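Raw contents of upload_27.pdb, PDB, C-alpha atoms, pLDDT in the B column:
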MODEL        1
ATOM      1  CA  MET W   1     -72.704  13.182-147.284  1.00 53.00           C
ATOM      2  CA  TYR W   2     -72.985  12.396-150.938  1.00 55.00           C
ATOM      3  CA  ARG W   3     -70.897  10.681-153.569  1.00 57.00           C
ATOM      4  CA  SER W   4     -70.747  11.651-157.204  1.00 58.00           C
ATOM      5  CA  ARG W   5     -73.168   9.647-159.356  1.00 58.00           C
ATOM      6  CA  GLU W   6     -70.266   7.642-160.806  1.00 64.00           C
ATOM      7  CA  LYS W   7     -68.834   6.746-157.370  1.00 60.00           C
ATOM      8  CA  GLU W   8     -72.287   5.889-155.996  1.00 61.00           C
ATOM      9  CA  LEU W   9     -73.008   3.503-158.861  1.00 62.00           C
ATOM     10  CA  LEU W  10     -69.588   1.830-158.412  1.00 63.00           C
ATOM     11  CA  TYR W  11     -70.149   1.613-154.655  1.00 60.00           C
ATOM     12  CA  ASN W  12     -73.596   0.050-155.059  1.00 59.00           C
ATOM     13  CA  SER W  13     -72.274  -2.429-157.607  1.00 64.00           C
ATOM     14  CA  ARG W  14     -69.410  -3.438-155.302  1.00 61.00           C
ATOM     15  CA  HIS W  15     -71.682  -3.594-152.267  1.00 59.00           C
ATOM     16  CA  LYS W  16     -74.091  -5.980-154.029  1.00 57.00           C
ATOM     17  CA  SER W  17     -71.287  -8.250-155.251  1.00 52.00           C
ATOM     18  CA  SER W  18     -69.499  -8.318-151.877  1.00 50.00           C
ATOM     19  CA  LYS W  19     -72.692  -9.586-150.193  1.00 51.00           C
ATOM     20  CA  ASP W  20     -72.574 -12.607-152.473  1.00 51.00           C
ATOM     21  CA  ILE W  21     -68.842 -13.206-152.009  1.00 51.00           C
ATOM     22  CA  LYS W  22     -68.769 -12.685-148.212  1.00 64.00           C
ATOM     23  CA  VAL W  23     -65.355 -11.004-148.337  1.00 73.00           C
ATOM     24  CA  CYS W  24     -64.395  -8.129-146.056  1.00 85.00           C
ATOM     25  CA  ASP W  25     -62.989  -5.229-148.086  1.00 83.00           C
ATOM     26  CA  PHE W  26     -61.003  -3.985-145.083  1.00 89.00           C
ATOM     27  CA  CYS W  27     -59.318  -7.290-144.250  1.00 91.00           C
ATOM     28  CA  GLN W  28     -57.667  -7.407-147.678  1.00 88.00           C
ATOM     29  CA  VAL W  29     -56.728  -3.846-148.647  1.00 92.00           C
ATOM     30  CA  PRO W  30     -54.581  -3.421-151.790  1.00 93.00           C
ATOM     31  CA  GLU W  31     -51.248  -1.647-151.196  1.00 95.00           C
ATOM     32  CA  TRP W  32     -52.127   1.278-153.503  1.00 95.00           C
ATOM     33  CA  GLN W  33     -54.939   2.157-151.117  1.00 95.00           C
ATOM     34  CA  VAL W  34     -52.790   2.285-147.942  1.00 97.00           C
ATOM     35  CA  VAL W  35     -51.675   5.775-146.885  1.00 97.00           C
ATOM     36  CA  ASN W  36     -50.064   4.865-143.560  1.00 97.00           C
ATOM     37  CA  LYS W  37     -49.552   1.748-141.438  1.00 97.00           C
ATOM     38  CA  TYR W  38     -49.450   1.479-137.669  1.00 97.00           C
ATOM     39  CA  LYS W  39     -49.120  -1.505-135.360  1.00 98.00           C
ATOM     40  CA  PHE W  40     -52.888  -2.065-135.004  1.00 98.00           C
ATOM     41  CA  PHE W  41     -54.399   0.200-137.673  1.00 97.00           C
ATOM     42  CA  LYS W  42     -53.966   1.482-141.183  1.00 97.00           C
ATOM     43  CA  VAL W  43     -55.140   4.670-142.876  1.00 98.00           C
ATOM     44  CA  ILE W  44     -56.511   3.974-146.335  1.00 97.00           C
ATOM     45  CA  LYS W  45     -57.954   5.923-149.248  1.00 96.00           C
ATOM     46  CA  ASN W  46     -61.678   5.427-149.610  1.00 91.00           C
ATOM     47  CA  ARG W  47     -62.299   3.754-152.984  1.00 88.00           C
ATOM     48  CA  PHE W  48     -65.753   5.344-153.114  1.00 83.00           C
ATOM     49  CA  PRO W  49     -65.168   8.783-151.557  1.00 87.00           C
ATOM     50  CA  TYR W  50     -67.867  11.283-150.730  1.00 82.00           C
ATOM     51  CA  SER W  51     -67.833  14.322-152.979  1.00 81.00           C
ATOM     52  CA  LEU W  52     -69.865  16.482-150.554  1.00 80.00           C
ATOM     53  CA  TRP W  53     -69.734  16.686-146.759  1.00 80.00           C
ATOM     54  CA  ASP W  54     -71.635  19.291-144.728  1.00 80.00           C
ATOM     55  CA  LEU W  55     -72.554  20.929-148.061  1.00 78.00           C
ATOM     56  CA  LYS W  56     -68.885  21.501-148.870  1.00 83.00           C
ATOM     57  CA  SER W  57     -66.737  19.836-151.507  1.00 84.00           C
ATOM     58  CA  VAL W  58     -64.546  17.006-150.200  1.00 87.00           C
ATOM     59  CA  GLU W  59     -60.817  17.364-150.815  1.00 90.00           C
ATOM     60  CA  GLU W  60     -59.806  13.980-149.382  1.00 93.00           C
ATOM     61  CA  HIS W  61     -61.673  10.984-147.941  1.00 93.00           C
ATOM     62  CA  LEU W  62     -59.591   8.531-145.928  1.00 96.00           C
ATOM     63  CA  MET W  63     -60.537   5.841-143.422  1.00 95.00           C
ATOM     64  CA  LEU W  64     -58.903   4.579-140.252  1.00 97.00           C
ATOM     65  CA  VAL W  65     -59.269   0.799-140.251  1.00 96.00           C
ATOM     66  CA  PRO W  66     -58.102  -1.733-137.658  1.00 96.00           C
ATOM     67  CA  ASN W  67     -55.893  -4.537-138.952  1.00 96.00           C
ATOM     68  CA  ARG W  68     -57.893  -7.023-136.895  1.00 95.00           C
ATOM     69  CA  HIS W  69     -61.499  -7.697-137.946  1.00 94.00           C
ATOM     70  CA  PHE W  70     -64.106  -6.593-135.379  1.00 92.00           C
ATOM     71  CA  GLY W  71     -67.294  -4.567-135.505  1.00 90.00           C
ATOM     72  CA  GLN W  72     -67.464  -2.428-132.370  1.00 90.00           C
ATOM     73  CA  PHE W  73     -65.264  -0.049-130.416  1.00 93.00           C
ATOM     74  CA  GLN W  74     -65.808  -2.158-127.297  1.00 93.00           C
ATOM     75  CA  ASN W  75     -63.985  -5.045-129.017  1.00 94.00           C
ATOM     76  CA  MET W  76     -60.689  -3.120-129.016  1.00 95.00           C
ATOM     77  CA  SER W  77     -57.964  -4.009-126.558  1.00 97.00           C
ATOM     78  CA  ASN W  78     -56.609  -1.220-124.341  1.00 97.00           C
ATOM     79  CA  GLU W  79     -53.440  -1.152-126.441  1.00 98.00           C
ATOM     80  CA  GLU W  80     -55.508  -0.758-129.627  1.00 97.00           C
ATOM     81  CA  LYS W  81     -57.582   2.008-128.004  1.00 97.00           C
ATOM     82  CA  GLY W  82     -54.391   3.887-127.139  1.00 97.00           C
ATOM     83  CA  GLU W  83     -53.103   3.767-130.703  1.00 98.00           C
ATOM     84  CA  PHE W  84     -56.582   4.582-132.035  1.00 97.00           C
ATOM     85  CA  ALA W  85     -56.706   7.776-129.951  1.00 97.00           C
ATOM     86  CA  LYS W  86     -53.191   8.835-131.006  1.00 97.00           C
ATOM     87  CA  VAL W  87     -53.902   8.319-134.707  1.00 97.00           C
ATOM     88  CA  LEU W  88     -57.236  10.154-134.535  1.00 96.00           C
ATOM     89  CA  ALA W  89     -55.546  13.050-132.744  1.00 97.00           C
ATOM     90  CA  THR W  90     -53.270  13.559-135.764  1.00 96.00           C
ATOM     91  CA  PHE W  91     -56.302  13.979-138.034  1.00 96.00           C
ATOM     92  CA  GLU W  92     -58.830  15.857-135.876  1.00 91.00           C
ATOM     93  CA  VAL W  93     -57.476  19.323-136.708  1.00 92.00           C
ATOM     94  CA  ASP W  94     -57.910  19.098-140.505  1.00 94.00           C
ATOM     95  CA  TYR W  95     -60.430  16.267-140.933  1.00 94.00           C
ATOM     96  CA  ASP W  96     -63.985  15.583-139.833  1.00 92.00           C
ATOM     97  CA  LEU W  97     -64.251  12.225-138.062  1.00 94.00           C
ATOM     98  CA  PHE W  98     -67.333  10.107-138.761  1.00 90.00           C
ATOM     99  CA  ILE W  99     -68.371   6.713-137.396  1.00 86.00           C
ATOM    100  CA  ARG W 100     -71.710   5.034-138.103  1.00 83.00           C
ATOM    101  CA  ALA W 101     -73.670   3.552-135.229  1.00 78.00           C
ATOM    102  CA  THR W 102     -73.126  -0.192-134.853  1.00 75.00           C
ATOM    103  CA  LYS W 103     -76.814  -0.883-135.555  1.00 73.00           C
ATOM    104  CA  SER W 104     -77.120   1.634-138.417  1.00 67.00           C
ATOM    105  CA  SER W 105     -79.402   0.294-141.131  1.00 63.00           C
ATOM    106  CA  ILE W 106     -77.248   1.848-143.857  1.00 63.00           C
ATOM    107  CA  LYS W 107     -73.889   0.632-142.554  1.00 64.00           C
ATOM    108  CA  SER W 108     -72.327  -1.368-145.389  1.00 69.00           C
ATOM    109  CA  GLN W 109     -69.197  -2.714-143.655  1.00 78.00           C
ATOM    110  CA  ILE W 110     -69.213  -4.626-140.375  1.00 82.00           C
ATOM    111  CA  HIS W 111     -65.431  -4.169-140.035  1.00 87.00           C
ATOM    112  CA  TYR W 112     -65.019  -1.204-137.673  1.00 90.00           C
ATOM    113  CA  HIS W 113     -63.732   1.972-139.347  1.00 92.00           C
ATOM    114  CA  VAL W 114     -63.687   5.745-139.029  1.00 93.00           C
ATOM    115  CA  HIS W 115     -64.184   8.090-141.977  1.00 92.00           C
ATOM    116  CA  LEU W 116     -61.604  10.910-142.111  1.00 95.00           C
ATOM    117  CA  ILE W 117     -63.044  13.627-144.329  1.00 93.00           C
ATOM    118  CA  LYS W 118     -61.166  16.765-145.363  1.00 93.00           C
ATOM    119  CA  ASN W 119     -63.375  19.497-146.761  1.00 88.00           C
ATOM    120  CA  GLY W 120     -62.190  21.461-149.767  1.00 81.00           C
ATOM    121  CA  GLY W 121     -63.687  24.625-148.340  1.00 72.00           C
ATOM    122  CA  ARG W 122     -65.992  25.446-151.243  1.00 71.00           C
ATOM    123  CA  ARG W 123     -69.556  25.546-149.959  1.00 74.00           C
ATOM    124  CA  ILE W 124     -72.214  24.624-152.497  1.00 68.00           C
ATOM    125  CA  GLY W 125     -75.089  27.007-153.133  1.00 67.00           C
ATOM    126  CA  GLY W 126     -77.793  24.360-153.279  1.00 66.00           C
ATOM    127  CA  LEU W 127     -78.507  20.693-153.682  1.00 61.00           C
ATOM    128  CA  LEU W 128     -81.116  18.705-155.603  1.00 62.00           C
ATOM    129  CA  TYR W 129     -80.988  14.969-154.895  1.00 60.00           C
ATOM    130  CA  SER W 130     -82.941  11.971-156.197  1.00 62.00           C
ATOM    131  CA  ARG W 131     -82.304   8.268-155.506  1.00 60.00           C
ATOM    132  CA  GLN W 132     -84.166   6.501-158.348  1.00 55.00           C
ATOM    133  CA  PRO W 133     -81.789   6.421-160.231  1.00 50.00           C
ATOM    134  CA  TYR W 134     -79.165   8.201-158.192  1.00 49.00           C
ATOM    135  CA  PHE W 135     -78.937  11.815-159.341  1.00 53.00           C
ATOM    136  CA  ARG W 136     -77.394  14.840-157.657  1.00 53.00           C
ATOM    137  CA  LEU W 137     -77.227  18.404-158.876  1.00 55.00           C
ATOM    138  CA  SER W 138     -75.283  20.948-156.840  1.00 58.00           C
ATOM    139  CA  TRP W 139     -74.294  24.546-157.491  1.00 52.00           C
TER     140      TRP W 139
ENDMDL
END
Now, as a test, write the supplied structure out as structure tokens.
Amino acid sequence: MYRSREKELLYNSRHKSSKDIKVCDFCQVPEWQVVNKYKFFKVIKNRFPYSLWDLKSVEEHLMLVPNRHFGQFQNMSNEEKGEFAKVLATFEVDYDLFIRATKSSIKSQIHYHVHLIKNGGRRIGGLLYSRQPYFRLSW
């Protein structure tokens, strides 16, 4: 999974500033970002979408986010789990579903969420990637 250089720089800038502010990005989602609302969850557009997933271009990058702030699946009520399963079922045919491990060292948001990633179908021929500064070349 990779973002474009521009999105990665914006993401890193936001991530650094949000650590200072101590605000959860998923507890206060702007309306323009919301794709669909459910009783316990919302589907939102990722503000910093991946541009590559499984070496294919990404057509759309959404996230399934609970309305209530918690960090682990086990913190969901049975009613929330039921809705969670139903919503995921509507996406699993066309979207890859991705959840980071709770203890992942690169997890940037504690608020539980699932990435919903729709591939564009175009497979890249190769990838050259460097992190200092972030640089990605694909063909």
With all atoms listed in the file counted, which protein, DNA or RNA residues have an atom no more than 7 Å from (-52.5, 4.2, -148.9) in the file frame? Please answer as a PyMOL selection string.
chain W and resi 31-36+43-45
Using all atoms listed in the file, which of W:Leu64, W:Met76, W:Ile117, W:Leu52 sits nearest W:Tyr95?
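Counting all atoms listed in the file, the residue closest to W:Tyr95 is W:Ile117.
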Name the residues captured by the PyMOL selection byres ((chain W and resi 85) around 12) when it is applied to the shown file; answer as a PyMOL selection string.
chain W and resi 40-41+64+73+76+78-84+86-92+97+114
The PyMOL selection byres ((chain W and resi 66-69) around 10) resolved against shown file, as an MDAnalysis selection string
chainID W and resid 24 26:29 37:43 63:65 70:72 75:76 80 84 110:114
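As for atom CA of W:Lys56 and atom CA of W:Ala101, they are spaced 23.0 Å apart.
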Atomic distance atom CA of W:Ser57 - atom CA of W:Asp25, expressed in Å with one decimal:
25.6 Å
Got a sec to resolve the PyMOL selection byres ((chain W and resi 46) around 6) on this structure and send the residues as a ChimeraX atom specification?
/W:45,47-49,61-62
What is the distance, in Å and to one decimal place, between atom CA of W:Ile99 and atom CA of W:Glu60?
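Separating atom CA of W:Ile99 from atom CA of W:Glu60 is a distance of 16.4 Å.
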